[in-house]
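*Asks:* Take a look at target.cif, mmCIF, C-alpha atoms and all ligand atoms:
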```
data_protein
#
loop_
_atom_site.label_atom_id
_atom_site.label_comp_id
_atom_site.auth_asym_id
_atom_site.auth_seq_id
_atom_site.Cartn_x
_atom_site.Cartn_y
_atom_site.Cartn_z
CA MET A 9 209.79 225.74 -69.61
CA THR A 10 210.13 225.73 -73.37
CA PHE A 11 208.02 223.44 -75.51
CA GLU A 12 210.61 222.81 -78.18
CA ASN A 13 212.80 219.73 -78.02
CA MET A 14 211.23 218.63 -74.76
CA THR A 15 213.14 215.90 -72.99
CA LEU A 16 211.43 212.69 -71.94
CA THR A 17 211.43 213.93 -68.36
CA GLU A 18 209.73 217.16 -69.40
CA ILE A 19 207.09 215.29 -71.41
CA GLU A 20 206.42 213.07 -68.42
CA SER A 21 206.14 215.99 -66.04
CA TRP A 22 203.58 217.64 -68.34
CA LEU A 23 201.61 214.39 -68.34
CA ARG A 24 201.58 214.55 -64.53
CA GLU A 25 200.78 218.29 -64.41
CA LYS A 26 197.67 219.12 -62.36
CA ASP A 27 197.84 222.91 -62.03
CA PRO A 28 195.06 224.40 -64.22
CA ALA A 29 197.02 227.61 -64.85
CA ARG A 30 200.04 225.67 -66.13
CA LEU A 31 197.81 223.46 -68.26
CA GLU A 32 196.39 226.61 -69.88
CA LEU A 33 199.95 227.30 -71.07
CA LEU A 34 200.14 223.82 -72.56
CA TRP A 35 196.80 224.21 -74.39
CA ALA A 36 197.83 227.61 -75.72
CA ALA A 37 201.20 226.33 -76.95
CA ALA A 38 199.56 223.36 -78.70
CA ASP A 39 196.86 225.53 -80.26
CA GLY A 40 199.49 228.01 -81.42
CA ALA A 41 201.61 225.25 -82.98
CA ARG A 42 198.54 223.83 -84.73
CA LYS A 43 197.65 227.24 -86.14
CA ALA A 44 201.21 228.02 -87.26
CA HIS A 45 201.90 224.64 -88.90
CA VAL A 46 198.59 223.29 -90.25
CA GLY A 47 196.37 226.39 -90.17
CA GLU A 48 192.71 226.99 -89.35
CA ALA A 49 191.18 224.36 -91.63
CA VAL A 50 189.63 221.32 -89.98
CA HIS A 51 189.82 218.45 -92.48
CA LEU A 52 187.00 215.95 -92.65
CA ARG A 53 187.71 212.29 -93.28
CA GLY A 54 184.65 210.18 -94.00
CA LEU A 55 184.90 206.94 -92.02
CA ILE A 56 183.49 203.74 -93.54
CA GLU A 57 183.58 200.78 -91.17
CA VAL A 58 183.59 198.17 -93.92
CA SER A 59 183.70 194.97 -91.85
CA SER A 60 183.44 193.97 -88.20
CA HIS A 61 184.96 190.53 -88.75
CA CYS A 62 188.37 190.03 -87.17
CA CYS A 63 190.73 187.08 -86.81
CA ARG A 64 192.77 188.66 -84.00
CA LEU A 65 192.49 188.68 -80.20
CA CYS A 66 193.61 192.16 -79.12
CA GLY A 67 193.07 192.32 -75.37
CA TYR A 68 191.10 195.57 -75.38
CA CYS A 69 189.03 195.41 -78.56
CA GLY A 70 185.37 194.45 -78.80
CA LEU A 71 185.79 193.10 -82.34
CA ARG A 72 188.21 190.39 -81.17
CA ALA A 73 187.54 187.01 -82.76
CA ASP A 74 186.29 185.30 -79.63
CA ASN A 75 183.59 187.87 -78.84
CA HIS A 76 180.79 185.58 -79.95
CA GLY A 77 178.12 187.91 -78.59
CA LEU A 78 178.64 190.26 -81.51
CA GLU A 79 176.77 189.95 -84.80
CA ARG A 80 179.28 190.45 -87.64
CA TYR A 81 178.85 192.17 -91.00
CA ARG A 82 180.85 192.85 -94.13
CA MET A 83 179.71 195.62 -96.46
CA THR A 84 179.20 194.96 -100.17
CA ARG A 85 181.03 196.76 -102.95
CA ASP A 86 177.92 198.82 -103.74
CA GLU A 87 177.34 199.78 -100.12
CA ILE A 88 180.93 200.96 -99.77
CA LEU A 89 180.79 202.90 -103.04
CA ASN A 90 177.57 204.58 -101.94
CA CYS A 91 179.32 205.83 -98.79
CA ALA A 92 182.16 207.20 -100.93
CA ARG A 93 179.62 209.02 -103.12
CA GLU A 94 178.14 210.55 -99.99
CA ALA A 95 181.61 211.65 -98.89
CA ARG A 96 182.07 213.46 -102.18
CA GLU A 97 178.61 215.05 -101.93
CA PHE A 98 179.44 216.34 -98.43
CA GLY A 99 182.70 217.84 -99.70
CA TYR A 100 185.09 215.53 -97.83
CA GLY A 101 188.56 215.11 -99.32
CA THR A 102 189.19 211.62 -97.99
CA VAL A 103 187.48 208.36 -97.19
CA VAL A 104 188.90 206.00 -94.58
CA MET A 105 188.05 202.32 -95.01
CA GLN A 106 188.43 200.66 -91.64
CA ALA A 107 187.81 197.08 -90.50
CA GLY A 108 189.01 194.35 -88.20
CA GLU A 109 191.71 192.10 -89.63
CA ASP A 110 189.32 190.36 -92.01
CA TYR A 111 190.67 188.10 -94.75
CA GLY A 112 187.13 187.88 -96.09
CA LEU A 113 188.09 191.30 -97.43
CA THR A 114 190.35 189.79 -100.06
CA ARG A 115 193.26 191.58 -101.67
CA GLU A 116 191.38 191.77 -104.98
CA PHE A 117 188.04 192.87 -103.44
CA ILE A 118 189.69 195.84 -101.71
CA ALA A 119 191.87 196.68 -104.75
CA ASP A 120 188.79 196.75 -106.97
CA ILE A 121 186.94 199.06 -104.56
CA ILE A 122 189.94 201.41 -104.32
CA ARG A 123 190.05 201.66 -108.13
CA ALA A 124 186.29 202.31 -108.30
CA ILE A 125 186.41 205.03 -105.60
CA LYS A 126 189.37 206.75 -107.24
CA GLU A 127 187.81 206.58 -110.68
CA GLU A 128 184.37 207.78 -109.64
CA THR A 129 185.13 210.28 -106.89
CA GLY A 130 188.82 211.15 -107.09
CA LEU A 131 188.90 211.17 -103.26
CA ALA A 132 192.01 210.33 -101.30
CA VAL A 133 191.72 206.77 -99.98
CA THR A 134 193.00 205.85 -96.54
CA LEU A 135 193.08 202.24 -95.39
CA SER A 136 192.94 200.95 -91.83
CA LEU A 137 192.59 197.19 -92.25
CA GLY A 138 195.05 195.82 -89.71
CA GLU A 139 198.29 193.86 -90.10
CA ARG A 140 198.04 192.46 -93.60
CA PRO A 141 200.77 190.77 -95.71
CA ASP A 142 203.05 193.10 -97.69
CA GLU A 143 201.59 191.73 -100.94
CA ASP A 144 198.21 193.22 -99.95
CA PHE A 145 199.74 196.60 -99.08
CA ILE A 146 201.60 196.67 -102.41
CA ALA A 147 198.52 195.70 -104.44
CA TRP A 148 196.35 198.31 -102.72
CA ARG A 149 198.92 201.03 -103.24
CA ALA A 150 199.10 200.07 -106.94
CA ALA A 151 195.29 200.29 -107.06
CA GLY A 152 195.52 203.90 -105.86
CA ALA A 153 195.34 203.88 -102.04
CA ASP A 154 197.07 206.94 -100.58
CA ARG A 155 197.44 206.37 -96.86
CA TYR A 156 197.54 203.60 -94.27
CA LEU A 157 196.64 203.88 -90.60
CA LEU A 158 198.04 201.39 -88.09
CA ARG A 159 198.28 202.47 -84.49
CA PHE A 160 201.17 200.93 -82.57
CA GLU A 161 198.99 201.39 -79.43
CA THR A 162 201.99 201.43 -77.07
CA SER A 163 205.73 201.69 -77.65
CA ASP A 164 206.42 199.48 -74.64
CA PRO A 165 207.34 196.00 -75.98
CA ARG A 166 206.15 194.14 -72.87
CA LEU A 167 202.77 195.87 -72.68
CA TYR A 168 202.40 195.51 -76.46
CA ALA A 169 203.02 191.77 -76.26
CA MET A 170 200.55 191.37 -73.38
CA ILE A 171 197.65 192.83 -75.34
CA HIS A 172 198.48 191.68 -78.88
CA PRO A 173 198.66 187.91 -79.20
CA PRO A 174 200.14 186.95 -82.60
CA GLY A 175 197.74 186.22 -85.47
CA PRO A 176 196.97 182.60 -86.43
CA GLY A 177 200.20 180.88 -87.47
CA ARG A 178 202.29 184.00 -86.95
CA THR A 179 204.91 185.39 -84.59
CA MET A 180 204.67 188.57 -82.51
CA SER A 181 203.98 191.51 -84.80
CA ASP A 182 206.22 194.55 -85.12
CA ARG A 183 203.97 197.42 -86.09
CA LEU A 184 206.78 200.00 -86.15
CA ALA A 185 208.61 197.92 -88.75
CA MET A 186 205.36 197.42 -90.66
CA LEU A 187 204.78 201.19 -90.74
CA GLU A 188 208.27 201.73 -92.15
CA ARG A 189 207.57 199.18 -94.88
CA LEU A 190 204.26 200.90 -95.68
CA ARG A 191 206.11 204.16 -96.09
CA GLY A 192 208.55 202.38 -98.40
CA PHE A 193 205.60 201.19 -100.53
CA GLY A 194 204.64 204.86 -101.02
CA TYR A 195 201.89 205.37 -98.46
CA GLU A 196 201.50 208.35 -96.17
CA ILE A 197 201.48 206.61 -92.82
CA GLY A 198 199.46 207.21 -89.69
CA SER A 199 199.75 205.69 -86.27
CA GLY A 200 198.84 206.42 -82.70
CA VAL A 201 198.22 205.07 -79.22
CA MET A 202 195.55 204.62 -76.59
CA VAL A 203 195.81 206.64 -73.41
CA GLY A 204 195.32 204.81 -70.11
CA ILE A 205 195.73 201.18 -71.19
CA PRO A 206 195.85 199.09 -67.98
CA GLY A 207 199.57 198.63 -67.28
CA GLN A 208 200.59 201.84 -69.12
CA SER A 209 202.86 204.04 -66.99
CA TYR A 210 203.59 207.76 -67.38
CA GLY A 211 207.07 206.88 -68.56
CA MET A 212 205.66 204.62 -71.28
CA LEU A 213 203.23 207.28 -72.52
CA ALA A 214 206.05 209.85 -72.58
CA ARG A 215 208.07 207.40 -74.71
CA ASP A 216 205.06 206.97 -77.04
CA ILE A 217 205.08 210.73 -77.66
CA ASP A 218 208.84 210.68 -78.15
CA THR A 219 208.36 207.84 -80.66
CA PHE A 220 205.93 210.04 -82.63
CA ARG A 221 208.63 212.67 -82.77
CA ASN A 222 211.24 210.24 -84.08
CA MET A 223 209.00 208.51 -86.61
CA ASP A 224 208.04 211.34 -88.95
CA LEU A 225 204.40 210.28 -89.08
CA ASP A 226 201.92 212.00 -91.36
CA MET A 227 198.95 211.29 -89.09
CA ILE A 228 198.75 210.60 -85.37
CA GLY A 229 195.56 209.48 -83.63
CA VAL A 230 195.36 209.34 -79.85
CA GLY A 231 192.27 208.46 -77.88
CA PRO A 232 191.44 207.23 -74.40
CA TYR A 233 191.33 203.51 -73.74
CA ILE A 234 187.69 202.61 -73.04
CA SER A 235 186.97 199.40 -71.21
CA HIS A 236 184.87 196.80 -73.07
CA PRO A 237 183.30 194.13 -70.84
CA ALA A 238 183.62 191.38 -73.48
CA THR A 239 187.44 191.65 -73.50
CA PRO A 240 190.16 190.37 -71.13
CA LEU A 241 191.31 193.92 -70.34
CA GLY A 242 187.75 195.12 -69.80
CA SER A 243 187.25 192.70 -66.97
CA GLU A 244 190.16 194.27 -65.06
CA GLU A 245 189.83 197.47 -63.07
CA THR A 246 191.24 200.53 -64.79
CA GLY A 247 192.61 203.73 -63.32
CA GLU A 248 195.14 204.77 -60.76
CA GLY A 249 197.12 201.93 -59.26
CA ALA A 250 194.92 199.24 -60.75
CA SER A 251 197.54 197.29 -62.61
CA PRO A 252 199.47 194.74 -60.56
CA THR A 253 202.55 195.31 -62.72
CA LEU A 254 202.89 199.02 -61.87
CA LEU A 255 203.82 200.81 -58.69
CA PRO A 256 201.13 203.02 -57.10
CA GLY A 257 200.86 206.36 -58.90
CA GLU A 258 202.40 205.00 -62.10
CA GLN A 259 199.25 203.96 -63.98
CA VAL A 260 198.11 206.55 -66.55
CA PRO A 261 194.38 207.22 -66.05
CA ASN A 262 192.22 206.76 -69.16
CA SER A 263 190.68 210.17 -68.58
CA GLU A 264 189.54 213.03 -70.73
CA LEU A 265 192.18 215.36 -69.26
CA MET A 266 195.00 212.88 -69.85
CA THR A 267 193.88 212.55 -73.47
CA TYR A 268 193.98 216.34 -73.98
CA LYS A 269 197.47 216.44 -72.51
CA THR A 270 198.55 213.68 -74.90
CA VAL A 271 196.96 215.43 -77.91
CA ALA A 272 198.64 218.72 -76.97
CA LEU A 273 202.08 217.15 -76.40
CA THR A 274 201.72 215.20 -79.65
CA ARG A 275 201.09 218.45 -81.53
CA LEU A 276 204.16 220.02 -79.92
CA ALA A 277 206.27 216.95 -80.71
CA ARG A 278 205.11 216.79 -84.36
CA PRO A 279 203.84 220.28 -85.23
CA ASP A 280 203.01 219.51 -88.88
CA ALA A 281 201.20 216.17 -88.43
CA ASN A 282 197.51 215.66 -89.06
CA ILE A 283 195.97 214.91 -85.68
CA PRO A 284 192.32 213.90 -85.31
CA SER A 285 190.07 214.79 -82.43
CA THR A 286 188.91 211.20 -81.95
CA THR A 287 185.53 209.59 -81.45
CA ALA A 288 186.85 207.88 -78.32
CA LEU A 289 187.57 211.32 -76.85
CA ALA A 290 184.09 212.53 -77.80
CA THR A 291 182.72 209.44 -76.06
CA LEU A 292 184.09 210.71 -72.72
CA ASN A 293 182.51 214.13 -73.22
CA LEU A 294 179.73 214.18 -75.79
CA ALA A 295 179.06 217.90 -75.50
CA GLN A 296 182.60 219.23 -75.66
CA GLY A 297 185.22 216.51 -76.16
CA ARG A 298 185.64 216.84 -79.90
CA GLU A 299 185.76 220.66 -79.66
CA LEU A 300 188.31 220.73 -76.86
CA GLY A 301 190.50 218.30 -78.81
CA LEU A 302 190.41 220.70 -81.76
CA GLN A 303 191.38 223.58 -79.46
CA ARG A 304 194.25 221.69 -77.85
CA GLY A 305 196.18 220.51 -80.90
CA ALA A 306 193.91 218.52 -83.23
CA ASN A 307 193.03 219.54 -86.80
CA ILE A 308 191.02 216.60 -88.17
CA VAL A 309 187.62 215.03 -87.50
CA MET A 310 186.25 211.80 -88.88
CA PRO A 311 182.49 211.91 -89.49
CA ASN A 312 181.00 208.45 -89.72
CA LEU A 313 179.52 207.36 -93.06
CA THR A 314 178.80 203.74 -92.07
CA PRO A 315 175.15 202.81 -92.69
CA PRO A 316 173.18 202.86 -89.40
CA GLU A 317 172.38 199.11 -89.39
CA TYR A 318 176.11 198.32 -89.42
CA ARG A 319 177.34 201.19 -87.32
CA LYS A 320 175.80 199.83 -84.14
CA LEU A 321 177.58 196.50 -84.72
CA TYR A 322 181.04 198.06 -85.07
CA GLU A 323 181.56 198.00 -81.34
CA ILE A 324 185.28 198.40 -80.74
CA TYR A 325 184.33 199.86 -77.36
CA PRO A 326 180.88 200.46 -75.81
CA ALA A 327 178.74 203.57 -76.31
CA LYS A 328 180.69 205.14 -79.13
CA ALA A 329 179.92 208.85 -79.40
CA CYS A 330 177.75 210.05 -82.22
CA ILE A 331 174.09 210.57 -81.68
CA ALA A 332 173.57 210.83 -85.42
CA GLU A 333 172.02 207.82 -87.15
CA THR A 334 173.00 208.58 -90.72
CA GLY A 335 176.07 209.96 -92.45
CA ARG A 336 174.11 213.07 -93.37
CA GLU A 337 173.18 213.80 -89.74
CA CYS A 338 176.75 213.23 -88.62
CA HIS A 339 177.95 215.58 -91.36
CA THR A 340 175.56 218.38 -90.36
CA CYS A 341 176.45 218.04 -86.67
CA MET A 342 180.22 218.13 -87.26
CA GLY A 343 179.99 221.07 -89.66
CA ALA A 344 178.03 223.09 -87.11
CA ARG A 345 180.46 222.24 -84.31
CA ILE A 346 183.47 223.30 -86.37
CA ARG A 347 181.88 226.60 -87.42
CA CYS A 348 180.99 227.29 -83.76
CA LEU A 349 184.71 227.19 -82.98
CA GLY A 350 185.36 229.80 -85.67
CA ARG A 351 187.40 227.32 -87.72
CA GLU A 352 187.11 226.65 -91.45
CA LEU A 353 186.07 223.38 -93.08
CA GLY A 354 189.01 221.91 -94.99
CA ARG A 355 188.77 221.49 -98.75
CA GLY A 356 190.65 219.02 -100.92
CA PRO A 357 192.45 215.85 -99.83
CA GLY A 358 194.19 217.45 -96.84
CA GLY A 359 197.42 215.50 -97.12
CA ARG A 360 200.38 216.53 -95.07
CA LYS A 361 202.31 219.56 -96.17
CA ARG A 362 205.82 218.67 -95.15
CA GLN A 363 207.85 221.34 -93.45
CA GLY A 364 211.54 221.41 -92.77
N1 LIG O 1 189.11 201.74 -76.31
C1 LIG O 1 189.60 202.76 -77.05
N2 LIG O 1 190.11 202.60 -78.27
C2 LIG O 1 190.14 201.36 -78.77
N3 LIG O 1 190.60 200.89 -79.93
C3 LIG O 1 190.38 199.57 -79.97
N4 LIG O 1 189.79 199.16 -78.85
C4 LIG O 1 189.63 200.26 -78.07
C5 LIG O 1 189.10 200.48 -76.78
N5 LIG O 1 188.59 199.47 -76.03
C6 LIG O 1 191.30 201.74 -80.90
C7 LIG O 1 192.68 201.17 -81.18
C8 LIG O 1 192.62 200.86 -82.66
C9 LIG O 1 191.57 201.82 -83.14
C10 LIG O 1 190.94 201.46 -84.45
O1 LIG O 1 190.61 201.79 -82.12
O2 LIG O 1 193.67 202.16 -80.93
O3 LIG O 1 193.84 201.06 -83.32
FE1 LIG O 2 190.66 192.82 -84.43
FE2 LIG O 2 190.10 194.71 -82.77
S1 LIG O 2 190.95 192.73 -82.29
S2 LIG O 2 189.79 194.76 -84.85
#
```
Please express what this file holds, its structure, as structure tokens.
Ligand code: 5AD
Ligand code: FES
*Replies:*
Amino acid sequence: MTFENMTLTEIESWLREKDPARLELLWAAADGARKAHVGEAVHLRGLIEVSSHCCRLCGYCGLRADNHGLERYRMTRDEILNCAREAREFGYGTVVMQAGEDYGLTREFIADIIRAIKEETGLAVTLSLGERPDEDFIAWRAAGADRYLLRFETSDPRLYAMIHPPGPGRTMSDRLAMLERLRGFGYEIGSGVMVGIPGQSYGMLARDIDTFRNMDLDMIGVGPYISHPATPLGSEETGEGASPTLLPGEQVPNSELMTYKTVALTRLARPDANIPSTTALATLNLAQGRELGLQRGANIVMPNLTPPEYRKLYEIYPAKACIAETGRECHTCMGARIRCLGRELGRGPGGRKRQG
């Protein structure tokens, strides 16, 4: 089987592949494509989880508005700037400001911080702040933001609608359309999906990968769905055959192996994209998950710069991987892991180098 221009059926059959010898071929093809198209450098993006407030009710996410068991925080301008200074000191090219959909982070507050980070550090600024109005996206781009991350989570409209109730006073969101608008405003755009969402079939996940191929994304993040007990989805069983809406054998497991397959097929579908080896993947295998992701298609890691007192409150899913307390510890650990693989640490902003 060739890996180029895979059909949907071929993608799906790779997702179902169990033979270890055949999977070795998939890992090798993905690693080869990564090397040929984005090289040996592993780029580091410093993650700053700027607020855990959220007005939305995503069915899987621990930050959802009605999780009243969670203490919420919002970082100050100075705290955020200090993290960006640390990122520069550690040699990262990019900071990622991520939060729930929090309108306490006003358009002007974020614009001011973007300007300050750009002026003081010159780092690339990536935003991951949810489904905001276009006026916010435009203002932040004008302030100097470079990239926007918004995972579409699943390309299946019915599953999407089941787990993403509309925001207050709004209609069902269309993240694919929002991503296209973001691109129009001048951002590099990133998206991605979760692997093994209850109700996600092999066919749906194959279509997610096909959607990556058709969308010309700059960044693609895929990680396993991890059940959170304080969410509607987390109180359902996950795994094979668990969803009442799917036939037996159709449910994608939220496993480590399935995530590697998805990372590898994503690399083959979009050879020149920036693909992170995600924290959610590392959560399933603390010792090796991040490394195996980097050897099966990924070329990015996102060390966490969030101050320790906030980090433990940013509980999208339970037991997030990272034994480090501080940004400095996380930095040292990631650097050592990357060097162990014989890969280089990326320098500079690490934007996408378009090919073809
Ligand atoms: N398990 C795994 N990933 C999750 N995310 C949110 N909740 C979970 C969960 N329970 C992911 C979503 C979101 C990203 C920031 O975190 O894909 O886009
Ligand atoms: Fe808002 Fe997860 S539901 S960040």
*Asks:* Within 8 Å of ligand LIG 2 (chain O), counting all atoms listed in the file: which residues, as an NGL selection string?
*Replies:* :A and (60-73 or 107-109 or 138 or 324)
*Asks:* Using all atoms listed in the file, which protein or nucleic acid residues are at most 7 Å from ligand LIG 1 (chain O), as a short mmCIF file (atom, residue, chain, number, x, y, z; two decimals) with C-alpha atoms, in the coordinates of the input?
*Replies:*
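Result saved to selection_25.cif:
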```cif
data_model
loop_
_atom_site.label_atom_id
_atom_site.label_comp_id
_atom_site.auth_asym_id
_atom_site.auth_seq_id
_atom_site.Cartn_x
_atom_site.Cartn_y
_atom_site.Cartn_z
CA TYR A 68 191.10 195.57 -75.38
CA CYS A 69 189.03 195.41 -78.56
CA GLY A 70 185.37 194.45 -78.80
CA LEU A 158 198.04 201.39 -88.09
CA ARG A 159 198.28 202.47 -84.49
CA GLU A 161 198.99 201.39 -79.43
CA GLY A 200 198.84 206.42 -82.70
CA VAL A 201 198.22 205.07 -79.22
CA MET A 202 195.55 204.62 -76.59
CA GLY A 231 192.27 208.46 -77.88
CA PRO A 232 191.44 207.23 -74.40
CA TYR A 233 191.33 203.51 -73.74
CA ILE A 234 187.69 202.61 -73.04
CA SER A 235 186.97 199.40 -71.21
CA HIS A 236 184.87 196.80 -73.07
CA ALA A 288 186.85 207.88 -78.32
CA ILE A 324 185.28 198.40 -80.74
CA TYR A 325 184.33 199.86 -77.36
#
```
*Asks:* May I ask for the distance between CA of Gly198 in chain A and CA of Gly305 in chain A, given in Å to one decimal place?
*Replies:*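 Here the two named atoms are 16.3 Å from each other.
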*Asks:* Could you tell me which of A:Ile197, A:Leu190, A:Ala151, A:Gln208 comes closest to Asp164 in chain A if we count all atoms listed in the file?
*Replies:*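 Using all atoms listed in the file, Asp164 in chain A sits closest to A:Gln208.
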*Asks:* Would you please work out which residue, of A:Val133, A:Ile88, A:Leu184, A:Ile217, is nearest to Thr15 in chain A when using all atoms listed in the file?
*Replies:*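 For Thr15 in chain A, the nearest of the candidates is A:Ile217.
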*Asks:* Excluding Gly152 in chain A and any residue of its chain fewer than 6 positions from it, enumerate the residues within 9 Å of it, using only C-alpha atoms, and give them as a list in words.
*Replies:*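 Residues near the query, excluding close chain neighbours: Ala119, Ile122, Arg123, Lys126, Ala132 and Val133 of chain A.
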*Asks:* Within 7 Å of Ala41 in chain A, counting all atoms listed in the file, which residues show up once you throw out same-chain ones fewer than 4 positions away? Write them as a tab-separated table (two decimals) with C-alpha atoms, in the coordinates of the input, please.
*Replies:*
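Final output, part.tsv:
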```tsv
chain	number	residue	atom	x	y	z
A	37	ALA	CA	201.20	226.33	-76.95
A	45	HIS	CA	201.90	224.64	-88.90
A	275	ARG	CA	201.09	218.45	-81.53
A	276	LEU	CA	204.16	220.02	-79.92
A	279	PRO	CA	203.84	220.28	-85.23
```
*Asks:* Would you work out the distance separating CA of Ala95 in chain A from CA of Phe145 in chain A, expressed in Å to one decimal?
*Replies:* 23.6 Å
*Asks:* Give me the residues near Asn312 in chain A as a PyMOL selection string, where near means some atom within 8 Å (using all atoms listed in the file) and where sequence neighbours in that chain fewer than 4 positions away do not count.
*Replies:* chain A and resi 54-56+335+338-339
*Asks:* Pick the closest to Leu321 in chain A from A:Ala124, A:Met83, A:Val50, A:Leu16: which is it, counting only C-alpha atoms?
*Replies:*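 The answer is A:Met83, which sits nearest to Leu321 in chain A.
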*Asks:* Given all atoms listed in the file as the basis, pick out the residue of A:Thr291, A:Ser163, A:Thr267, A:Thr102 nearest to His51 in chain A.
*Replies:*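 Closest to His51 in chain A, using all atoms listed in the file: A:Thr102.
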*Asks:* Using CA of Thr239 in chain A and CA of His76 in chain A as the two end points, give the distance in Å to one decimal.
*Replies:*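 Distance between the two atoms: 11.1 Å.
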*Asks:* Go ahead and fit an axis-aligned box to every listed atom of range 167-184 of chain A plus 3 Å each side, and pass me the centre and edge lengths in Å, one decimal, as JSON.
*Replies:*
```
{"center_x": 201.9, "center_y": 190.4, "center_z": -80.1, "size_x": 15.8, "size_y": 25.1, "size_z": 20.8}
```
*Asks:* Which one is closest to Glu94 in chain A: A:Thr17, A:Thr253, A:Thr334, A:Thr219? Count all atoms listed in the file.
*Replies:* A:Thr334
*Asks:* Return the single residue from A:Pro28, A:Pro165, A:Pro141, A:Gly99 that is closest to Met212 in chain A, with distances computed using only C-alpha atoms.
*Replies:* A:Pro165
*Asks:* Excluding Glu333 in chain A and residues on its chain fewer than 5 positions from it, collect all residues at most 10 Å away from it, counting only C-alpha atoms, and give them as a PyMOL selection string.
*Replies:* chain A and resi 312-317+319-320+338
*Asks:* Write the selection just made, keeping C-alpha atoms, as a short mmCIF file (atom, residue, chain, number, x, y, z; two decimals), in the frame of the given file?
*Replies:*
```cif
data_model
loop_
_atom_site.label_atom_id
_atom_site.label_comp_id
_atom_site.auth_asym_id
_atom_site.auth_seq_id
_atom_site.Cartn_x
_atom_site.Cartn_y
_atom_site.Cartn_z
CA ASN A 312 181.00 208.45 -89.72
CA LEU A 313 179.52 207.36 -93.06
CA THR A 314 178.80 203.74 -92.07
CA PRO A 315 175.15 202.81 -92.69
CA PRO A 316 173.18 202.86 -89.40
CA GLU A 317 172.38 199.11 -89.39
CA ARG A 319 177.34 201.19 -87.32
CA LYS A 320 175.80 199.83 -84.14
CA CYS A 338 176.75 213.23 -88.62
#
```
